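Participant: Before I ask anything, here is the structure I am working with.
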4 protein chains.
Amino acid sequence: MAEMKTIRAGLVGITGYAGMELARLLAGHPNMRLVMACSRAEAGRRLGEYYPFLEKLPGADVVISVFDAEAAVKQCDVVFLAVPAGTAMKMTPALVAGGVRVVDFSADFRLRDAHVYEEWYRLPHEAPDLLTEAVYGLPELNANSLRRARLVANPGCYPTSIILGLYAPLTGGLIEPDGIIADSKSGATGAGRKPGTATIFSEVADNFRAYGMPRHRHTPEIEQEVSAIAGQEVRLSFTPHLVPMNRGILSTIYARLKKPGTSVEEVCEVCRETWKDSPWVRVLDPGRLPETRFVRGSMYCDMGLVTDPRTGRLIIVSVIDNLCRGAAGQALANANLMCGMPVGAGLSDSAPLV
Amino acid sequence: MAEMKTIRAGLVGITGYAGMELARLLAGHPNMRLVMACSRAEAGRRLGEYYPFLEKLPGADVVISVFDAEAAVKQCDVVFLAVPAGTAMKMTPALVAGGVRVVDFSADFRLRDAHVYEEWYRLPHEAPDLLTEAVYGLPELNANSLRRARLVANPGCYPTSIILGLYAPLTGGLIEPDGIIADSKSGATGAGRKPGTATIFSEVADNFRAYGMPRHRHTPEIEQEVSAIAGQEVRLSFTPHLVPMNRGILSTIYARLKKPGTSVEEVCEVCRETWKDSPWVRVLDPGRLPETRFVRGSMYCDMGLVTDPRTGRLIIVSVIDNLCRGAAGQALANANLMCGMPVGAGLSDSAPLV
Amino acid sequence: MAEMKTIRAGLVGITGYAGMELARLLAGHPNMRLVMACSRAEAGRRLGEYYPFLEKLPGADVVISVFDAEAAVKQCDVVFLAVPAGTAMKMTPALVAGGVRVVDFSADFRLRDAHVYEEWYRLPHEAPDLLTEAVYGLPELNANSLRRARLVANPGCYPTSIILGLYAPLTGGLIEPDGIIADSKSGATGAGRKPGTATIFSEVADNFRAYGMPRHRHTPEIEQEVSAIAGQEVRLSFTPHLVPMNRGILSTIYARLKKPGTSVEEVCEVCRETWKDSPWVRVLDPGRLPETRFVRGSMYCDMGLVTDPRTGRLIIVSVIDNLCRGAAGQALANANLMCGMPVGAGLSDSAPLV
Amino acid sequence: MAEMKTIRAGLVGITGYAGMELARLLAGHPNMRLVMACSRAEAGRRLGEYYPFLEKLPGADVVISVFDAEAAVKQCDVVFLAVPAGTAMKMTPALVAGGVRVVDFSADFRLRDAHVYEEWYRLPHEAPDLLTEAVYGLPELNANSLRRARLVANPGCYPTSIILGLYAPLTGGLIEPDGIIADSKSGATGAGRKPGTATIFSEVADNFRAYGMPRHRHTPEIEQEVSAIAGQEVRLSFTPHLVPMNRGILSTIYARLKKPGTSVEEVCEVCRETWKDSPWVRVLDPGRLPETRFVRGSMYCDMGLVTDPRTGRLIIVSVIDNLCRGAAGQALANANLMCGMPVGAGLSDSAPLV
């Protein structure tokens, strides 16, 4: 890879956890370099001053600036938008028009139907013409489209864990597509880095709660992708919970087996066959269950499979790192594909267990 | 209550979390005094030496002894058995025969059918004749029987949260009894205090996992009690998870509404009417969800109700403190009833939020 | 106590952790009732709506109001000010003039010298005439003055742990009063409940840091009280740290032994003799060390003593619950004394270990 | 580095946290490969089966074996001993004699004086002739000796944080070498992975405590190295504490300034000059303090400096990752030097902040 040119990356929204994680990953990337970091609130400071853990690392000396589309087009080959829904759709058109590749962390380009977006996000969509062009950034499912994409809608963290978990049993015809329940649990970085009483340490620690019921905004995204996989309209129940930990998502997914007597070994075999060329999906042996720490800091999606003959259900337990696979890491993998690099460049494979 | 005589209590199994919690509660009880504390491993030490947090409190000077049924009969009016399943059924007959009231924390007397016990616990039952006599210790449902009981089977922590959560919607005819899923999450004290790699701090902290799938031993207990409430045989899916927190259980319970259009206000009204004379059950306003910290250190069961017209489901979120309501506190409430005292004696009402 | 009249209590500042803790304690007080709860931000809501853990408990139905001194004088016998430094000194004069007893949680009346206050708090003192009247609210040291006080300056959390730790070795002449170092560690409730990036869960969890060095505002308070105890001007080093836990303070206090060969048994004996009539101070056996959980939710100060003949030092390890003993519990004990009640009324003795 | 031959590494003691961390680091090393992993308890299992987070990574297919010196000599170029003190000194001589380079994580070869070892570890030393040969593995201080070493004594975690913290102020003549106090705080992985009641999640979470006072075994190691740096015999106080977090050590080090008026800027300048060629030591700007999360998963030692003119003290706050810099990462850096590779090979530079 010695002759590969260095890709210049811009990151808009550095103060959130996804932006923080991407800054960390870029510091270790062999062929991509952070050249622009934007934040209205922190403009003027060195990135290493704002994030002391980055000091002495590549990117530390970038001076934080206020986003300016024209400057971004001049300085960057690819821009990551780690900004709220509603803001990304304002920034994207000028970047795409200027020839910059865009990876959007927000939901602005995930839902193909602008009406659905407007119903769940309560905002009129301002760039509906880009919706058909945007590619949903799950590298395992859409690698070819991602290589040609100008605009990638980076998937939500919960949807990533649920879609990957359901993919093989659905395409393998093992489960009924209706009646699915996804009971998901996320670490606190998923709640973002904006101050508020609800995310203060002592409100989260030694506590557990559900939230966003019954209309969390990830629901239509999950249903859209699962419907496409199932080849039919799917309605499901999705309940997110907040776990007093930093990172990780675990989704416990309940589905009815088409044949109630299907053995766990059979399910496992189908899943392994489906994912055999996907190094980041690990199907655990029957009888073993995944833990969020197994995937910390990595792109892995680990899944455990349980069949319950008493109730005729398949239960899929799927875990990812919400910041790496569920946000910045997946964004980087998508950017790698868009820029003609190996999908895993800059993405460490080893996840610290503790 | 000045003339009420003091009840002499024995506690077998002081080294676990349930025993620890009961010792704490007894220290503040107005009419019950710890006179016997048993542990093979710690025999000979003062209780206050073993548990420094008890020093200077009632009970601290009790010298830990090895359990002896004869001595227990002489010294105690009531004995709490905080010992593993399989051990309690060996200790109980002599105590009951000796006229001592017994509250058993284990599962030994919870399942009315010895065969079901043997199937799930892989042990022959050694005191099957006491199974019919034992009263299942949910004070809200069985107060009258508990007042006359010689032997109480103290409910499991998960079952307590799930049975209380389902009771009103089932008796009110709002939900179908089949197809129920209970996705439960517990703090780490639920895993007990016996050392093992899996419960070391750094294996649990910043981590989340499911366990015991698909045949956790609380399943038949839940099904037995829910079947009795529903008036028909019920099979359900129960999945426990381990949360990196000390105390608390939250169960997210999914059930199909009989009438898919039932409003949350209607469900809420039925639940409030059902529980109107039960000070420890708090039904939250529609739109609000309970958190485990709301009930810390208390007997409360707080429940939030959500209807999802998109899927026709009722989702019940039920929280308890696994050590207080789910073990020692409920045991004490049961003992209070057995001994003719107010059910809430010695049970603080105020739960520290943090 | 049947004939004792009920004391009417007001609480200004309910949204912080100290206010939350006091609301919890008052719910269980036999002779004191919350009649007024003030918060500008939450005015108009029921207290039980704001704090769901208080529902069905005494005080839940109090409607939150904006503080008004005149109304407070009419409604309350005692008012607790859980407001920031600078605000308390504005509210206090009218309350005291109106005959209401005041317990101030802030630092406004702790420092006897208005110049020292102004130097460390960067505010002119607005009620300097009350400084001489205010009694420093450590019940063990000042019980007699507290019984007669109209205004109590409730001690800071760190100072409480350090002053109690140093008291016996200093009055017993065991240590040199100069060269003392207090290295203190506090749970995150000590940082308050005001939202900010630094107190978000994921900024505190799995992290440890020092802060406020070298001029934390508790320094002059500690020096003032320790100087009074030592009978000479004392300068010491005080360093606070933030621990990823909810409650608790542990102070590791280093002092030079006057006689380097003093045995730990000798120190222990002096401490026990000093505190023999103080039920809330527990001096641990030589060789044992306290843990913050030993005192959770209680008024206890547990202390462990270590002599190091290699360096000639005495090391005192002192723990308290920062919210109960370090704020609301101590305030309630002080109010109890001011109102002629037993110092421990409403203060549970049993601290949950987990 | 294309032509560099691959170093074959053996790891004895895979079940502890240091072994786990080394296995993780080796999985990402460009020129070193795990070929032997030993554990008596887990022999016969694949490493990836034992550590699911390693599946699909280099090393996952190594079958765990019982340690055999002869086999190790045949299979390995370098052996890491992550075994308890007392065991390492039994294994080392045959390995060194067989020409294998050894990095010992235990204390067996850290203390140059066998009598001191025997006094603090209560064990006769079984390989005292290797004590003079062993090199103390702090890469910044001993790089040249490490390049030639056959046996490296990998430093303790606490000593690493304290020695690095004191080095510049001592060699720069800023502080008195006597009267130093090191108050250290460590995450729970420092307590090891052997099951025991004291390390169960609920005994550590929401709790804080000191331990090992006043004779923690790291004391003589710290004193030996600090004495060598200071050029005089040094006695100091060292107190370790247990923090409810996974990783990280923070040491708060108190020393008397030689000139009490020395400014923090002056101290900072001396420290920066001292460490200017050491990429892993980061001296923070005056007024800023380090946090353990800044160095998570990395080799960094971050230090904050505070002068207190009121007491004439310099306070050094020094943080490291106890598992990476304090154990496995430093061992790998040492092995890199011994094997002629760049010191940082396989050591990621970017530390995830959360």
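Every chain in the structure tokens takes a letter, A first, then B, and so on in the order presented; its residues are numbered from 1, and the ligands are numbered from 1 following the presented order.
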Find the residues near range 42-49 of chain D: any atom within 9 Å, counting only C-alpha atoms, skip ones fewer than 3 places away on the same chain, and give them as a PDB file with all heavy atoms, in the first residue's frame.
Facilitator:
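around-v8.pdb, freshly written:
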```pdb
ATOM      1  N   ILE D  14      -2.343 -17.410  31.088  1.00  0.00           N
ATOM      2  CA  ILE D  14      -3.233 -16.668  30.187  1.00  0.00           C
ATOM      3  C   ILE D  14      -4.529 -16.259  30.862  1.00  0.00           C
ATOM      4  O   ILE D  14      -5.298 -15.484  30.320  1.00  0.00           O
ATOM      5  CB  ILE D  14      -3.618 -17.517  28.956  1.00  0.00           C
ATOM      6  CG1 ILE D  14      -4.235 -18.849  29.421  1.00  0.00           C
ATOM      7  CG2 ILE D  14      -2.444 -17.746  28.053  1.00  0.00           C
ATOM      8  CD1 ILE D  14      -5.365 -19.300  28.584  1.00  0.00           C
ATOM      9  N   THR D  15      -4.793 -16.812  32.047  1.00  0.00           N
ATOM     10  CA  THR D  15      -6.126 -16.603  32.623  1.00  0.00           C
ATOM     11  C   THR D  15      -6.253 -15.297  33.406  1.00  0.00           C
ATOM     12  O   THR D  15      -7.355 -14.886  33.742  1.00  0.00           O
ATOM     13  CB  THR D  15      -6.525 -17.770  33.540  1.00  0.00           C
ATOM     14  OG1 THR D  15      -5.545 -17.885  34.567  1.00  0.00           O
ATOM     15  CG2 THR D  15      -6.589 -19.074  32.761  1.00  0.00           C
ATOM     16  N   ALA D  37       0.630 -20.899  24.570  1.00  0.00           N
ATOM     17  CA  ALA D  37      -0.138 -20.255  25.649  1.00  0.00           C
ATOM     18  C   ALA D  37      -0.337 -21.302  26.729  1.00  0.00           C
ATOM     19  O   ALA D  37      -0.865 -22.376  26.451  1.00  0.00           O
ATOM     20  CB  ALA D  37      -1.472 -19.745  25.130  1.00  0.00           C
ATOM     21  N   CYS D  38       0.090 -20.995  27.942  1.00  0.00           N
ATOM     22  CA  CYS D  38       0.059 -22.011  28.992  1.00  0.00           C
ATOM     23  C   CYS D  38      -0.873 -21.645  30.133  1.00  0.00           C
ATOM     24  O   CYS D  38      -0.941 -20.492  30.572  1.00  0.00           O
ATOM     25  CB  CYS D  38       1.459 -22.220  29.566  1.00  0.00           C
ATOM     26  SG  CYS D  38       2.654 -22.747  28.327  1.00  0.00           S
ATOM     27  N   SER D  39      -1.577 -22.671  30.600  1.00  0.00           N
ATOM     28  CA  SER D  39      -2.414 -22.568  31.798  1.00  0.00           C
ATOM     29  C   SER D  39      -2.742 -23.983  32.224  1.00  0.00           C
ATOM     30  O   SER D  39      -3.238 -24.777  31.419  1.00  0.00           O
ATOM     31  CB  SER D  39      -3.713 -21.817  31.483  1.00  0.00           C
ATOM     32  OG  SER D  39      -4.689 -22.131  32.460  1.00  0.00           O
ATOM     33  N   PRO D  52     -13.510 -15.676  23.886  1.00  0.00           N
ATOM     34  CA  PRO D  52     -14.271 -15.495  22.639  1.00  0.00           C
ATOM     35  C   PRO D  52     -13.942 -14.193  21.921  1.00  0.00           C
ATOM     36  O   PRO D  52     -14.097 -14.103  20.703  1.00  0.00           O
ATOM     37  CB  PRO D  52     -15.734 -15.501  23.112  1.00  0.00           C
ATOM     38  CG  PRO D  52     -15.735 -16.179  24.433  1.00  0.00           C
ATOM     39  CD  PRO D  52     -14.397 -15.901  25.043  1.00  0.00           C
ATOM     40  N   PHE D  53     -13.474 -13.190  22.649  1.00  0.00           N
ATOM     41  CA  PHE D  53     -13.168 -11.917  21.970  1.00  0.00           C
ATOM     42  C   PHE D  53     -11.977 -12.059  21.030  1.00  0.00           C
ATOM     43  O   PHE D  53     -11.727 -11.196  20.203  1.00  0.00           O
ATOM     44  CB  PHE D  53     -12.927 -10.799  22.991  1.00  0.00           C
ATOM     45  CG  PHE D  53     -11.589 -10.844  23.665  1.00  0.00           C
ATOM     46  CD1 PHE D  53     -10.528 -10.061  23.224  1.00  0.00           C
ATOM     47  CD2 PHE D  53     -11.385 -11.670  24.752  1.00  0.00           C
ATOM     48  CE1 PHE D  53      -9.297 -10.104  23.849  1.00  0.00           C
ATOM     49  CE2 PHE D  53     -10.154 -11.725  25.388  1.00  0.00           C
ATOM     50  CZ  PHE D  53      -9.112 -10.938  24.934  1.00  0.00           C
ATOM     51  N   LEU D  54     -11.211 -13.162  21.150  1.00  0.00           N
ATOM     52  CA  LEU D  54     -10.055 -13.381  20.274  1.00  0.00           C
ATOM     53  C   LEU D  54     -10.396 -14.173  19.017  1.00  0.00           C
ATOM     54  O   LEU D  54      -9.561 -14.292  18.112  1.00  0.00           O
ATOM     55  CB  LEU D  54      -8.956 -14.123  21.038  1.00  0.00           C
ATOM     56  CG  LEU D  54      -8.112 -13.319  22.017  1.00  0.00           C
ATOM     57  CD1 LEU D  54      -7.112 -14.223  22.717  1.00  0.00           C
ATOM     58  CD2 LEU D  54      -7.364 -12.193  21.287  1.00  0.00           C
ATOM     59  N   GLU D  55     -11.588 -14.736  18.945  1.00  0.00           N
ATOM     60  CA  GLU D  55     -11.949 -15.567  17.791  1.00  0.00           C
ATOM     61  C   GLU D  55     -11.723 -14.825  16.486  1.00  0.00           C
ATOM     62  O   GLU D  55     -12.015 -13.637  16.362  1.00  0.00           O
ATOM     63  CB  GLU D  55     -13.420 -16.004  17.891  1.00  0.00           C
ATOM     64  CG  GLU D  55     -13.674 -17.163  18.846  1.00  0.00           C
ATOM     65  CD  GLU D  55     -13.038 -18.495  18.414  1.00  0.00           C
ATOM     66  OE1 GLU D  55     -12.199 -18.510  17.477  1.00  0.00           O
ATOM     67  OE2 GLU D  55     -13.368 -19.520  19.048  1.00  0.00           O
ATOM     68  N   LYS D  56     -11.224 -15.530  15.500  1.00  0.00           N
ATOM     69  CA  LYS D  56     -10.907 -15.008  14.163  1.00  0.00           C
ATOM     70  C   LYS D  56      -9.672 -14.102  14.173  1.00  0.00           C
ATOM     71  O   LYS D  56      -9.335 -13.509  13.150  1.00  0.00           O
ATOM     72  CB  LYS D  56     -12.099 -14.255  13.530  1.00  0.00           C
ATOM     73  CG  LYS D  56     -13.344 -15.132  13.323  1.00  0.00           C
ATOM     74  CD  LYS D  56     -14.214 -14.579  12.205  1.00  0.00           C
ATOM     75  CE  LYS D  56     -15.470 -15.433  12.005  1.00  0.00           C
ATOM     76  NZ  LYS D  56     -16.304 -14.966  10.894  1.00  0.00           N
ATOM     77  N   LEU D  57      -8.991 -13.989  15.305  1.00  0.00           N
ATOM     78  CA  LEU D  57      -7.785 -13.164  15.370  1.00  0.00           C
ATOM     79  C   LEU D  57      -6.553 -14.063  15.483  1.00  0.00           C
ATOM     80  O   LEU D  57      -6.659 -15.221  15.910  1.00  0.00           O
ATOM     81  CB  LEU D  57      -7.848 -12.231  16.584  1.00  0.00           C
ATOM     82  CG  LEU D  57      -8.912 -11.129  16.530  1.00  0.00           C
ATOM     83  CD1 LEU D  57      -8.933 -10.359  17.834  1.00  0.00           C
ATOM     84  CD2 LEU D  57      -8.613 -10.181  15.370  1.00  0.00           C
ATOM     85  N   GLY D  59      -3.691 -16.072  16.882  1.00  0.00           N
ATOM     86  CA  GLY D  59      -3.517 -16.629  18.220  1.00  0.00           C
ATOM     87  C   GLY D  59      -4.713 -17.437  18.683  1.00  0.00           C
ATOM     88  O   GLY D  59      -4.602 -18.266  19.595  1.00  0.00           O
ATOM     89  N   ALA D  60      -5.891 -17.200  18.077  1.00  0.00           N
ATOM     90  CA  ALA D  60      -7.110 -17.858  18.546  1.00  0.00           C
ATOM     91  C   ALA D  60      -7.013 -19.382  18.468  1.00  0.00           C
ATOM     92  O   ALA D  60      -7.617 -20.091  19.282  1.00  0.00           O
ATOM     93  CB  ALA D  60      -8.317 -17.377  17.743  1.00  0.00           C
ATOM     94  N   ASP D  61      -6.215 -19.881  17.510  1.00  0.00           N
ATOM     95  CA  ASP D  61      -6.164 -21.329  17.334  1.00  0.00           C
ATOM     96  C   ASP D  61      -5.058 -22.020  18.121  1.00  0.00           C
ATOM     97  O   ASP D  61      -4.907 -23.241  18.036  1.00  0.00           O
ATOM     98  CB  ASP D  61      -6.038 -21.651  15.837  1.00  0.00           C
ATOM     99  CG  ASP D  61      -7.329 -21.317  15.090  1.00  0.00           C
ATOM    100  OD1 ASP D  61      -8.409 -21.432  15.710  1.00  0.00           O
ATOM    101  OD2 ASP D  61      -7.260 -20.931  13.914  1.00  0.00           O
ATOM    102  N   VAL D  62      -4.295 -21.268  18.870  1.00  0.00           N
ATOM    103  CA  VAL D  62      -3.295 -21.898  19.744  1.00  0.00           C
ATOM    104  C   VAL D  62      -4.029 -22.743  20.781  1.00  0.00           C
ATOM    105  O   VAL D  62      -5.005 -22.288  21.376  1.00  0.00           O
ATOM    106  CB  VAL D  62      -2.427 -20.818  20.438  1.00  0.00           C
ATOM    107  CG1 VAL D  62      -1.541 -21.443  21.508  1.00  0.00           C
ATOM    108  CG2 VAL D  62      -1.600 -20.064  19.406  1.00  0.00           C
ATOM    109  N   VAL D  63      -3.563 -23.974  20.962  1.00  0.00           N
ATOM    110  CA  VAL D  63      -4.175 -24.817  21.981  1.00  0.00           C
ATOM    111  C   VAL D  63      -3.429 -24.620  23.293  1.00  0.00           C
ATOM    112  O   VAL D  63      -2.199 -24.698  23.339  1.00  0.00           O
ATOM    113  CB  VAL D  63      -4.148 -26.301  21.556  1.00  0.00           C
ATOM    114  CG1 VAL D  63      -4.679 -27.191  22.673  1.00  0.00           C
ATOM    115  CG2 VAL D  63      -4.963 -26.487  20.286  1.00  0.00           C
ATOM    116  N   ILE D  64      -4.184 -24.332  24.327  1.00  0.00           N
ATOM    117  CA  ILE D  64      -3.582 -24.056  25.629  1.00  0.00           C
ATOM    118  C   ILE D  64      -2.891 -25.324  26.152  1.00  0.00           C
ATOM    119  O   ILE D  64      -3.432 -26.424  26.059  1.00  0.00           O
ATOM    120  CB  ILE D  64      -4.673 -23.575  26.613  1.00  0.00           C
ATOM    121  CG1 ILE D  64      -5.351 -22.319  26.048  1.00  0.00           C
ATOM    122  CG2 ILE D  64      -4.085 -23.319  27.991  1.00  0.00           C
ATOM    123  CD1 ILE D  64      -6.633 -21.922  26.782  1.00  0.00           C
ATOM    124  N   SER D  65      -1.679 -25.135  26.683  1.00  0.00           N
ATOM    125  CA  SER D  65      -0.903 -26.283  27.160  1.00  0.00           C
ATOM    126  C   SER D  65      -0.410 -26.040  28.578  1.00  0.00           C
ATOM    127  O   SER D  65      -0.455 -24.919  29.085  1.00  0.00           O
ATOM    128  CB  SER D  65       0.286 -26.511  26.230  1.00  0.00           C
ATOM    129  OG  SER D  65       1.101 -25.346  26.201  1.00  0.00           O
ATOM    130  N   VAL D  66       0.048 -27.126  29.211  1.00  0.00           N
ATOM    131  CA  VAL D  66       0.698 -26.987  30.506  1.00  0.00           C
ATOM    132  C   VAL D  66       2.147 -26.589  30.248  1.00  0.00           C
ATOM    133  O   VAL D  66       2.788 -27.109  29.332  1.00  0.00           O
ATOM    134  CB  VAL D  66       0.622 -28.322  31.277  1.00  0.00           C
ATOM    135  CG1 VAL D  66       1.391 -28.233  32.598  1.00  0.00           C
ATOM    136  CG2 VAL D  66      -0.842 -28.690  31.542  1.00  0.00           C
TER     137      VAL D  66
END
```
Participant: Tell me as a PyMOL selection string which residues belonging to chain B come within 9 Å of chain A, counting only C-alpha atoms.
Facilitator: chain B and resi 179+181+183+185-187+202-203+205-211+213-215+235-237+239+243-250+252+254+287+289-294+306-308+310-311+313+315+317+319+353-354
Participant: DSSP on the backbone: what in range 48-260 of chain A comes out helix (DSSP H, G or I), as a PyMOL selection string?
Facilitator: chain A and resi 48-50+52-54+69-75+88-97+114-121+128-130+139-148+157-171+188-191+197-199+201-204+218-230
Participant: Skip range 276-285 of chain B itself and residues of its chain fewer than 4 positions away, then list as a ChimeraX atom specification all residues within 6 Å of it, counting only C-alpha atoms.
Facilitator: /B:272,300-304
Participant: Just asking: which residues within range 84-185 of chain A are strand (DSSP E or B) according to DSSP, as a PyMOL selection string?
Facilitator: chain A and resi 101-104+135-136+151-153+175+181-185
Participant: Residues within 12 Å of Lys90 in chain D, please, as a ChimeraX atom specification. Count only C-alpha atoms; anything in the same chain fewer than 2 positions from it doesn't count.
Facilitator: /D:67-69,81,83-88,92-96,104,106,108-109,124-128,130
Participant: Any chance you could export the current selection's N, CA and C atoms as a compact mmCIF listing (two decimals), in the first residue's frame?
Facilitator:
```
# COMPACT_ATOMS: atom_id res chain seq x y z
N PHE D 67 2.64 -25.65 31.04
CA PHE D 67 4.01 -25.16 30.82
C PHE D 67 5.03 -26.29 30.91
N ASP D 68 5.92 -26.32 29.92
CA ASP D 68 7.03 -27.26 29.93
C ASP D 68 8.23 -26.51 29.38
N ALA D 69 9.27 -26.39 30.20
CA ALA D 69 10.39 -25.53 29.84
C ALA D 69 11.06 -25.98 28.55
N LEU D 81 6.17 -14.33 31.27
CA LEU D 81 5.69 -15.06 32.44
C LEU D 81 4.68 -14.20 33.20
N VAL D 83 2.75 -15.03 35.70
CA VAL D 83 2.45 -15.98 36.79
C VAL D 83 2.75 -15.31 38.12
N PRO D 84 2.27 -15.89 39.22
CA PRO D 84 2.48 -15.24 40.53
C PRO D 84 3.96 -15.21 40.94
N ALA D 85 4.28 -14.26 41.81
CA ALA D 85 5.60 -14.25 42.45
C ALA D 85 5.82 -15.61 43.09
N GLY D 86 7.03 -16.09 43.00
CA GLY D 86 7.33 -17.41 43.56
C GLY D 86 7.33 -18.48 42.47
N THR D 87 6.45 -18.36 41.51
CA THR D 87 6.41 -19.33 40.41
C THR D 87 7.39 -18.93 39.31
N ALA D 88 7.48 -17.65 39.04
CA ALA D 88 8.34 -17.18 37.95
C ALA D 88 9.80 -17.57 38.20
N THR D 92 12.12 -19.50 35.32
CA THR D 92 13.05 -18.67 34.56
C THR D 92 14.40 -19.31 34.24
N PRO D 93 15.08 -19.91 35.21
CA PRO D 93 16.46 -20.37 34.93
C PRO D 93 16.56 -21.27 33.70
N ALA D 94 15.68 -22.25 33.56
CA ALA D 94 15.77 -23.16 32.41
C ALA D 94 15.53 -22.43 31.10
N LEU D 95 14.66 -21.45 31.12
CA LEU D 95 14.37 -20.70 29.91
C LEU D 95 15.59 -19.87 29.49
N VAL D 96 16.14 -19.16 30.45
CA VAL D 96 17.32 -18.33 30.15
C VAL D 96 18.46 -19.22 29.69
N ASP D 104 9.46 -11.18 32.74
CA ASP D 104 8.73 -11.68 33.91
C ASP D 104 7.83 -10.58 34.47
N SER D 106 6.10 -10.82 37.20
CA SER D 106 6.02 -10.88 38.66
C SER D 106 7.12 -10.05 39.30
N ASP D 108 9.54 -11.28 41.02
CA ASP D 108 10.65 -12.16 41.40
C ASP D 108 12.03 -11.61 41.06
N PHE D 109 12.12 -10.80 40.02
CA PHE D 109 13.46 -10.30 39.67
C PHE D 109 13.54 -8.78 39.72
N PRO D 124 11.94 -17.68 50.26
CA PRO D 124 13.35 -17.69 49.92
C PRO D 124 13.50 -17.53 48.40
N HIS D 125 14.48 -16.77 47.95
CA HIS D 125 14.65 -16.60 46.51
C HIS D 125 15.38 -17.80 45.94
N GLU D 126 14.86 -18.36 44.85
CA GLU D 126 15.42 -19.59 44.33
C GLU D 126 16.35 -19.38 43.13
N ALA D 127 16.47 -18.16 42.68
CA ALA D 127 17.38 -17.90 41.55
C ALA D 127 18.11 -16.59 41.78
N PRO D 128 18.76 -16.46 42.91
CA PRO D 128 19.36 -15.16 43.27
C PRO D 128 20.47 -14.73 42.31
N LEU D 130 20.38 -14.69 39.20
CA LEU D 130 19.82 -13.96 38.06
C LEU D 130 19.41 -12.53 38.44
```
Participant: Which neighbours of Glu233 in chain A fall inside 9 Å, counting only C-alpha atoms, when residues of the same chain fewer than 4 positions from it are skipped, and could you give them as a tab-separated table (two decimals) with C-alpha atoms, in the first residue's frame?
Facilitator:
```tsv
chain	number	residue	atom	x	y	z
A	177	PRO	CA	-41.22	-12.19	9.54
A	178	ASP	CA	-44.17	-11.00	11.58
A	223	GLU	CA	-38.61	-2.01	9.67
A	224	GLN	CA	-37.50	-0.62	6.30
A	226	VAL	CA	-35.94	-5.89	7.66
A	227	SER	CA	-38.83	-5.59	5.23
A	228	ALA	CA	-36.38	-5.44	2.32
```
Participant: What does the distance between CA of Ser298 in chain A and CA of Gly329 in chain A come to in Å, to one decimal place?
Facilitator: 7.5 Å
Participant: Excluding Leu347 in chain B and residues on its chain fewer than 6 positions from it, collect all residues at most 8 Å away from it, counting only C-alpha atoms, and give them as a compact mmCIF listing (two decimals) with N, CA and C atoms, in the first residue's frame.
Facilitator:
```txt
# COMPACT_ATOMS: atom_id res chain seq x y z
N LEU B 25 -32.23 -5.35 57.68
CA LEU B 25 -33.62 -4.99 57.95
C LEU B 25 -33.99 -5.31 59.41
N HIS B 29 -35.93 -3.37 62.93
CA HIS B 29 -37.31 -3.83 63.17
C HIS B 29 -37.72 -3.53 64.60
N SER B 298 -36.52 -0.78 48.97
CA SER B 298 -37.91 -0.74 49.41
C SER B 298 -38.69 -1.96 48.93
N MET B 299 -39.96 -2.02 49.33
CA MET B 299 -40.88 -3.08 48.92
C MET B 299 -41.69 -2.70 47.68
N GLY B 329 -36.79 -8.45 52.06
CA GLY B 329 -37.90 -7.61 52.50
C GLY B 329 -39.22 -8.35 52.42
N LEU B 332 -39.46 -10.76 55.14
CA LEU B 332 -39.80 -10.13 56.41
C LEU B 332 -41.29 -9.77 56.45
N ALA B 333 -41.81 -9.29 55.35
CA ALA B 333 -43.25 -9.00 55.29
C ALA B 333 -44.05 -10.27 55.56
```
Participant: Please list as JSON, numbers by chain every residue within 9 Å of Pro139 in chain A, counting only C-alpha atoms and excluding residues in the same chain fewer than 6 positions away.
Facilitator: {"A": [146, 330, 333, 334, 337, 343]}
